[in-house]
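**Q** What follows is a single structure, and I will ask about it in a moment.
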Amino acid sequence: MSTRPGKLFVVGTPIGNLSDLSRRAGEVLAAVDVIAAEDTRITRRVLDHLGISGKLVSYREETEHRLSQKLVADLLDGKGVALVSDAGTPCISDPGYRLVKAASEAGIEVVTIPGPSAVVALLSVSGLPTDRFAFEGFPPVRSGQRRAFLQSLRGSSRTVVFYESPRRVIGLLDDLSDVLSNPPVAVGRELTKMHEEVLRGTAREVAEQLRAQGTRGEFVVAVYIEAAAAHALTGDALAEEVRRLLEEGLHVRDIALRLKAQGVSRREVYAAARLTDEAE
């Protein structure tokens with residue numbers, strides 16, 4: 001048994017093009033004793049490319065708690081462990097943070113081996129402001145919940161990045177158009193792969209492009225959300241927004257909280273809600 005603990009390496013792997021694997025990442029994967037992979041079948045392709053055999057253990061969200069304890073024990077026994085995800089940088093909307101937390105709490109050195117990230121890859125070519133940005137992972141699946149979530153982002157004055165499935169990406173763009181007044185977006189499809197494509201324009205324009213050409217592949221969506229304008233919603237526009245939110249099942253007090261970011265007062269929301277009731 002070693003008297004010194006091993007190191008945990010958090011290793012970025014390609015999001016599509018194997019040539020994007022760094023030399024340092026390859027050296028670490030070859031040197032460690034254990035490679036904890038989200039999907040061993042996918043990671044096996046990377047290891048085959050490097051001529052590395054063995055070492056793989058499955059590390060999935062469902063078994064993360066139990067396996068974290070086992071891997072920390074290995075690290076304390078002096079073994080070197082590499083953590084990788086299906087693609088890109090581990091712990092970014094992928095399992096792994098529990099292992100990093102447990103290892104650091106046990107006094108084990110955690111080392112980052114930087115590599116590709118679909119979030120940063122799209123931001124770098126989006127043409128959208130990147131001085132402030134946020135990553136929100138996958139948005140809610142159901143349109144009503146998604147629209148409510150997008151509404152909560154109004155006025156945030158930053159670029160927001162999402163992952164989305166090919167089945168729902170058009171729905172997301174439609175909701176972005178409706179809820180956020182057709183904002184500018186950049187949609188990355190199959191980034192770094194043979195059929196890589198980045199579509200830029202308004203949410204409505206890009207949605208129409210995807211309707212025409214189909215939605216095969218993996219998608220990343222970036223949208224620039226402007227700062228809130230004081231009293232941006234007034235008159236008929238305010239009444240229509242309040243009516244829509246009421247139909248989605250929100251209580252008037254919740255609508256008032258949500259529209260406060262746009263400079264709409266509680267009194268104005270309640271007045272618009274009363275007009276909606278009278279009209280019905």
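In the structure tokens, the first chain shown is A, the next is B, and so on; residue numbers restart at 1 for each chain, and ligands run from 1 in the order shown.
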Quick one: residues within 9 Å of Phe9 of chain A, only C-alpha atoms counted, chain neighbours fewer than 5 positions away excluded, as a PDB file with C-alpha atoms, in the first residue's frame?
**A**
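Wrote it out as out.pdb, contents follow:
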ATOM      1  CA  VAL A  28      -2.665  11.409 -18.078  1.00  0.00           C
ATOM      2  CA  LEU A  29      -5.107   8.779 -19.377  1.00  0.00           C
ATOM      3  CA  VAL A  32      -3.458   6.694 -14.291  1.00  0.00           C
ATOM      4  CA  GLY A  80      -4.166   7.793  -9.816  1.00  0.00           C
ATOM      5  CA  VAL A  81      -7.737   8.287 -11.053  1.00  0.00           C
ATOM      6  CA  ALA A  82      -8.988  10.145 -14.136  1.00  0.00           C
ATOM      7  CA  LEU A  83     -12.589  11.333 -14.387  1.00  0.00           C
ATOM      8  CA  VAL A  84     -14.038  11.744 -17.894  1.00  0.00           C
ATOM      9  CA  GLU A 109      -5.262  16.806  -4.808  1.00  0.00           C
ATOM     10  CA  VAL A 110      -7.698  17.421  -7.677  1.00  0.00           C
ATOM     11  CA  VAL A 111      -6.072  18.474 -10.950  1.00  0.00           C
ATOM     12  CA  THR A 112      -7.869  19.899 -13.972  1.00  0.00           C
ATOM     13  CA  ILE A 113      -6.765  18.834 -17.455  1.00  0.00           C
TER      14      ILE A 113
END
**Q** Fewer than 2 positions away in the same chain doesn't count, so skip those; otherwise give me all residues within 6 Å of segment 193-202 of chain A, counting only C-alpha atoms, as a list of chain:residue names.
**A**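 After dropping sequence-adjacent residues, the list is A:Gly16, A:Asn17, A:Asn182, A:Pro183, A:Pro184, A:Val185, A:Ala186, A:Val187, A:Gly188, A:Arg189, A:Glu190, A:Leu191, A:Arg204, A:Glu205.
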**Q** Output C-alpha atoms of each residue in that selection to a file, as a PDB file, in the first residue's frame.
**A**
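Output saved as selection.pdb:
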ATOM      1  CA  GLY A  16     -16.638  15.133 -31.557  1.00  0.00           C
ATOM      2  CA  ASN A  17     -13.250  15.406 -33.239  1.00  0.00           C
ATOM      3  CA  ASN A 182     -37.536  37.238 -30.704  1.00  0.00           C
ATOM      4  CA  PRO A 183     -33.972  37.698 -29.378  1.00  0.00           C
ATOM      5  CA  PRO A 184     -30.708  37.086 -31.266  1.00  0.00           C
ATOM      6  CA  VAL A 185     -29.464  33.509 -31.005  1.00  0.00           C
ATOM      7  CA  ALA A 186     -26.677  31.233 -32.179  1.00  0.00           C
ATOM      8  CA  VAL A 187     -27.419  27.521 -32.518  1.00  0.00           C
ATOM      9  CA  GLY A 188     -24.538  25.062 -32.784  1.00  0.00           C
ATOM     10  CA  ARG A 189     -25.224  21.695 -34.369  1.00  0.00           C
ATOM     11  CA  GLU A 190     -22.719  18.819 -34.311  1.00  0.00           C
ATOM     12  CA  LEU A 191     -19.903  21.096 -33.111  1.00  0.00           C
ATOM     13  CA  ARG A 204     -37.741  32.960 -35.202  1.00  0.00           C
ATOM     14  CA  GLU A 205     -35.377  32.982 -38.184  1.00  0.00           C
TER      15      GLU A 205
END
**Q** Could you give me, as a PyMOL selection string, the residues within 12 Å of Tyr97 of chain A, counting only C-alpha atoms and dropping anything in the same chain fewer than 3 positions from it?
**A** chain A and resi 8+10+59-61+64-65+68+83-85+89-94+100-104+110
**Q** Which neighbours of Leu259 of chain A fall inside 9 Å, counting only C-alpha atoms, when residues of the same chain fewer than 5 positions from it are skipped, and could you give them as a list in words?
**A**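 In the requested format, the answer is Gln151, Ser152, Arg154, Leu233, Asp254, Val264, Ser265, Arg266 and Val269 of chain A.
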**Q** Just the strand (DSSP E or B) stuff from segment 97-260 of chain A, please, per backbone DSSP, written as an MDAnalysis selection string.
**A** chainID A and resid 110:113 133:135 155:164 184:189 197:202 219:227
**Q** Calculated over only C-alpha atoms, which of the candidates A:Glu105, A:Ala87, A:Leu18, A:Val46 has the smallest distance to Gln69 of chain A?
**A**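 Using only C-alpha atoms, Gln69 of chain A sits closest to A:Glu105.
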**Q** Find the residues near Pro14 of chain A: any atom within 8 Å, counting only C-alpha atoms, skip ones fewer than 4 places away on the same chain, and give them as number ranges by chain.
**A** A: 18-21, 87-88, 115-116
**Q** Go ahead and write the selection's residues with C-alpha atoms as a PDB file, in the first residue's frame.
**A**
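Once everything was written out, this is selection_14.pdb:
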ATOM      1  CA  LEU A  18     -10.677  13.065 -31.678  1.00  0.00           C
ATOM      2  CA  SER A  19      -7.891  15.366 -32.846  1.00  0.00           C
ATOM      3  CA  ASP A  20      -9.016  17.845 -30.191  1.00  0.00           C
ATOM      4  CA  LEU A  21      -7.706  15.580 -27.415  1.00  0.00           C
ATOM      5  CA  ALA A  87     -17.706  14.244 -24.205  1.00  0.00           C
ATOM      6  CA  GLY A  88     -16.228  17.578 -23.210  1.00  0.00           C
ATOM      7  CA  GLY A 115     -10.232  20.408 -22.753  1.00  0.00           C
ATOM      8  CA  PRO A 116     -13.187  20.950 -25.059  1.00  0.00           C
TER       9      PRO A 116
END
**Q** Compile the contact shell of segment 163-169 of chain A as a count of residues only: residues with an atom at most 12 Å away, counting only C-alpha atoms, same-chain residues fewer than 3 positions apart removed.
**A** 45
**Q** Report the residues of segment 12-65 of chain A whose backbone DSSP state falls under helix (DSSP H, G or I), written as number ranges by chain.
**A** A: 18-20, 23-31, 40-50, 61-65
**Q** Measure the distance from atom CA of Leu257 of chain A to atom CA of Asp131 of chain A in Å and round it to one decimal.
**A** 27.5 Å
